[in-house]
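Everything on this sheet refers to the single structure shown next.
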Amino acid sequence: MKTKVYVYLVMVFIFLGMLLLNSCYSVRFRSVEGTPEPAFPMVRDDYYRTMQVIELDTVITIGALDKDFTYLIKKSDLCPSGKLHTIEYRNTLGAVLLSGITFGRKRKVKIKYVCMKSN
Amino acid sequence: MARTTKLSLDEWDTLHNNGPWDLKFLYKTKLEASSLMPSSLDRYNDAAQEIQQLLKETNNQNEGFRAYGSAWSLSHIAHQKDRMHFNAHMNTYFSFKNQDLHHLSNYNADDIFMFECGNVIKEISEKLAGHGKSLKSSGASNGQTIAGCISTGVHGSGIKVGSVQDYVVGLNLIIGPNPGDIVYLERHSKPVLNDVFVQKIRSRVIRNDGLFNAALVGLGSFGFIHGVVIESQNLFLLKRYVKSIKKELAIELAESLDFSNFKEIPEEVENGKGRAPYHYKVFINQYQKNDADYIVELMYKKDFKLNYPDPFPVIKKSIYRDLIQLAVS
């Protein structure tokens, strides 16, 4: 009996693990034109090592009748041009669950973006 | 006014993590906003003044100062233990008209451009494309700053063209904090810009072949490279071929650069003679001692047109294809 429970538990964990792996992914859009805003100082060790990346990790609220949400990219010290070079969005199991539990009203937004280098 | 950010750091490293090495201060200078200072010349001169101020501050502390660009060198060569300056945000540029050229100049004014030190190769290519022009050659990638590129001798070549530093025709150097410490250096035998323009960038002119050649790949030792004057050429396309040919033939072509009898690419044969490529490269697999054949890469120059095939799928595939050919040859 104990073995059966153990096997069931392992199967549930494997299923959850697969669900977790499949639901976590990133999609990156990168312009082939333009030059990214350079990082200063260069401290990252990932894809964005040379780039001044801005990370946005927040939860937005969308009304029942709203179909989209616009996030404005504005000029700032980290984004002096105010123009996009690269944008990456990440989907996670937590984001899917949050959206499901709140019937789509709360959406997790996890984005990295890099601006074009200013002239 | 140009704005400088000064960070107090313990260490500095290259893109490829060849360090880290000790550092005291890291600077970054940004040009004044064009909305506040619309003239590129004013912003350029303003930045030069800012760099002189930083040099003065460094001199007063009896410390060292070195500028760097994208930090791609795979060694400590760009490092300085006291103060370093990241120059990628100094990126304005100038084009010229006939009246800006020296009266003995043989250059075409449309081909001459001056790029501020922090312009990266990709940025320069895009700016030049806006004038229907192109760099003559560049390295395998395009993220190096122009000043870093020439002062460290980045690879890349074209037959009868050379690497990036080979088509540099003038240098604007900041060699100290005092008036008169901004120098415009070009070859005496091939003058480019006239003294009127040199005065506009508040520089004193030195026309000397030996000094120019020494400063060109100077690893930053001749001063802060503020501006680089290059000779560009009309936009062009490259058609690339990778072939496996007899080792003797590959070496003979490399030595003679005479391709008139090389007819293995029918598309590149003209009037019964092989066309001369723009770029020729021999891949040598050092682990294959008894190679009868070598892999060679040939690039032929073509007229520019807008509707050329998307190069990205070809580039992605060709890299792997070359490696496979090398591995199995």
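Quick note on naming: the chains in the structure tokens go A, B, ... in the order shown, residues restart at 1 in each chain, and ligands are numbered from 1 in order of appearance.
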
Counting only C-alpha atoms, a student should be able to say which residues of chain B come within 9 Å of chain A; what is the right answer, written as a CSV table (one decimal) with C-alpha atoms, in the first residue's frame?
```csv
chain,number,residue,atom,x,y,z
B,7,LEU,CA,31.6,55.4,-10.5
B,12,TRP,CA,36.9,46.1,-14.1
B,13,ASP,CA,36.5,43.2,-16.6
B,14,THR,CA,36.3,42.6,-20.3
B,15,LEU,CA,33.2,41.3,-22.2
B,26,LEU,CA,35.1,54.3,-14.1
B,28,LYS,CA,31.2,57.6,-18.9
B,31,LEU,CA,27.1,64.2,-25.2
B,34,SER,CA,20.8,67.7,-29.4
B,70,SER,CA,33.3,47.6,-26.1
B,86,PHE,CA,33.8,54.1,-21.4
B,88,ALA,CA,30.5,54.4,-26.3
B,89,HIS,CA,28.2,57.3,-25.7
B,90,MET,CA,30.3,59.8,-27.6
B,91,ASN,CA,28.9,59.0,-31.0
B,92,THR,CA,28.3,61.9,-33.3
B,120,VAL,CA,30.3,51.1,-32.9
B,122,LYS,CA,27.1,48.6,-36.7
B,123,GLU,CA,26.2,52.2,-36.0
B,126,GLU,CA,23.9,52.4,-40.7
B,143,GLY,CA,30.0,45.7,-31.9
```

Excluding Arg3 (chain B) and residues on its chain fewer than 2 positions from it, collect all residues at most 12 Å away from it, counting only C-alpha atoms, and give them as a CSV table (one decimal) with C-alpha atoms, in the first residue's frame.
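The resulting file, around.csv, is reproduced below:
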```
chain,number,residue,atom,x,y,z
A,77,ASP,CA,18.5,57.5,-18.1
B,1,MET,CA,27.3,70.5,-21.4
B,5,THR,CA,29.1,59.8,-14.7
B,6,LYS,CA,31.9,58.7,-12.3
B,27,TYR,CA,33.8,57.3,-16.2
B,28,LYS,CA,31.2,57.6,-18.9
B,29,THR,CA,30.6,60.8,-20.8
B,30,LYS,CA,27.4,61.5,-22.6
B,31,LEU,CA,27.1,64.2,-25.2
B,32,GLU,CA,24.8,67.2,-24.5
B,33,ALA,CA,21.3,66.6,-25.8
B,43,ARG,CA,28.6,68.9,-29.0
B,46,ASP,CA,32.0,70.3,-25.7
B,47,ALA,CA,32.8,66.6,-25.2
B,48,ALA,CA,36.5,67.3,-25.9
B,49,GLN,CA,36.5,70.0,-23.3
B,50,GLU,CA,34.9,67.5,-20.8
B,51,ILE,CA,37.6,64.9,-21.5
B,53,GLN,CA,38.7,68.3,-17.6
B,54,LEU,CA,38.8,64.6,-16.7
B,89,HIS,CA,28.2,57.3,-25.7
B,90,MET,CA,30.3,59.8,-27.6
```

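Every protein, DNA or RNA residue with an atom at most 9 Å from Ser189 (chain B), where only C-alpha atoms count and chain neighbours fewer than 3 positions away do not, is listed here: B:Glu186, B:Arg207, B:Asn208, B:Asp209.
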
How would the residues just chosen look if you wrote them out with N, CA and C atoms as a compact mmCIF listing (two decimals), in the first residue's frame?
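To be explicit, this is the file written out as result_36.txt:
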```
# COMPACT_ATOMS: atom_id res chain seq x y z
N GLU B 186 47.26 63.60 -39.47
CA GLU B 186 47.03 62.86 -40.72
C GLU B 186 48.36 62.72 -41.46
N ARG B 207 50.82 67.03 -39.76
CA ARG B 207 50.81 66.15 -40.94
C ARG B 207 52.17 65.45 -41.00
N ASN B 208 52.17 64.17 -40.61
CA ASN B 208 53.43 63.45 -40.52
C ASN B 208 53.12 61.96 -40.69
N ASP B 209 53.69 61.34 -41.73
CA ASP B 209 53.39 59.93 -42.02
C ASP B 209 53.80 59.01 -40.88
```

*Nearest to Gly82 (chain A) by atom-to-atom distance, counting only C-alpha atoms, from A:Val109, A:Val96, A:Val53, A:Cys115*: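 That would be A:Cys115, the residue with the smallest distance to Gly82 (chain A).
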
*Looking at A:Met51, A:Phe69, A:Lys83, A:Phe29, which one is nearest to Lys108 (chain A), with distances taken over only C-alpha atoms?*
A:Phe69

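As for CA of Leu219 (chain B) and CA of Ser151 (chain B), they are spaced 4.7 Å apart.
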
*Enumerate, as a list in words, the complete set of residues in region 5-55 of chain A that a backbone-based DSSP assignment places in strand (DSSP E or B).*
Tyr25, Ser26, Val27, Arg28, Phe29, Arg30, Pro36, Pro38, Met51, Val53, Ile54 and Glu55 of chain A

*Quick one: pick out all alpha helix (DSSP H) residues within chain A from a backbone DSSP run and write them as an MDAnalysis selection string.*
chainID A and resid 2:23 93:101

_Selection: 9 Å around Asn98 (chain B), only C-alpha atoms, excl. self and same-chain fewer than 5 positions, as a list in words_ =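 Selected residues are Asn108, Ala109 and Asp110 of chain B.
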
Just-selected residues, N, CA, C and O atoms written as a compact mmCIF listing (two decimals), in the first residue's frame:
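That gives us result_25.txt:
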```
# COMPACT_ATOMS: atom_id res chain seq x y z
N ASN B 108 37.81 61.86 -52.51
CA ASN B 108 36.49 62.34 -52.90
C ASN B 108 35.76 62.74 -51.61
O ASN B 108 35.61 61.90 -50.71
N ALA B 109 35.34 63.96 -51.51
CA ALA B 109 34.72 64.45 -50.27
C ALA B 109 33.53 63.60 -49.83
O ALA B 109 33.29 63.41 -48.63
N ASP B 110 32.81 63.03 -50.81
CA ASP B 110 31.63 62.21 -50.47
C ASP B 110 32.01 60.94 -49.70
O ASP B 110 31.17 60.32 -49.05
```
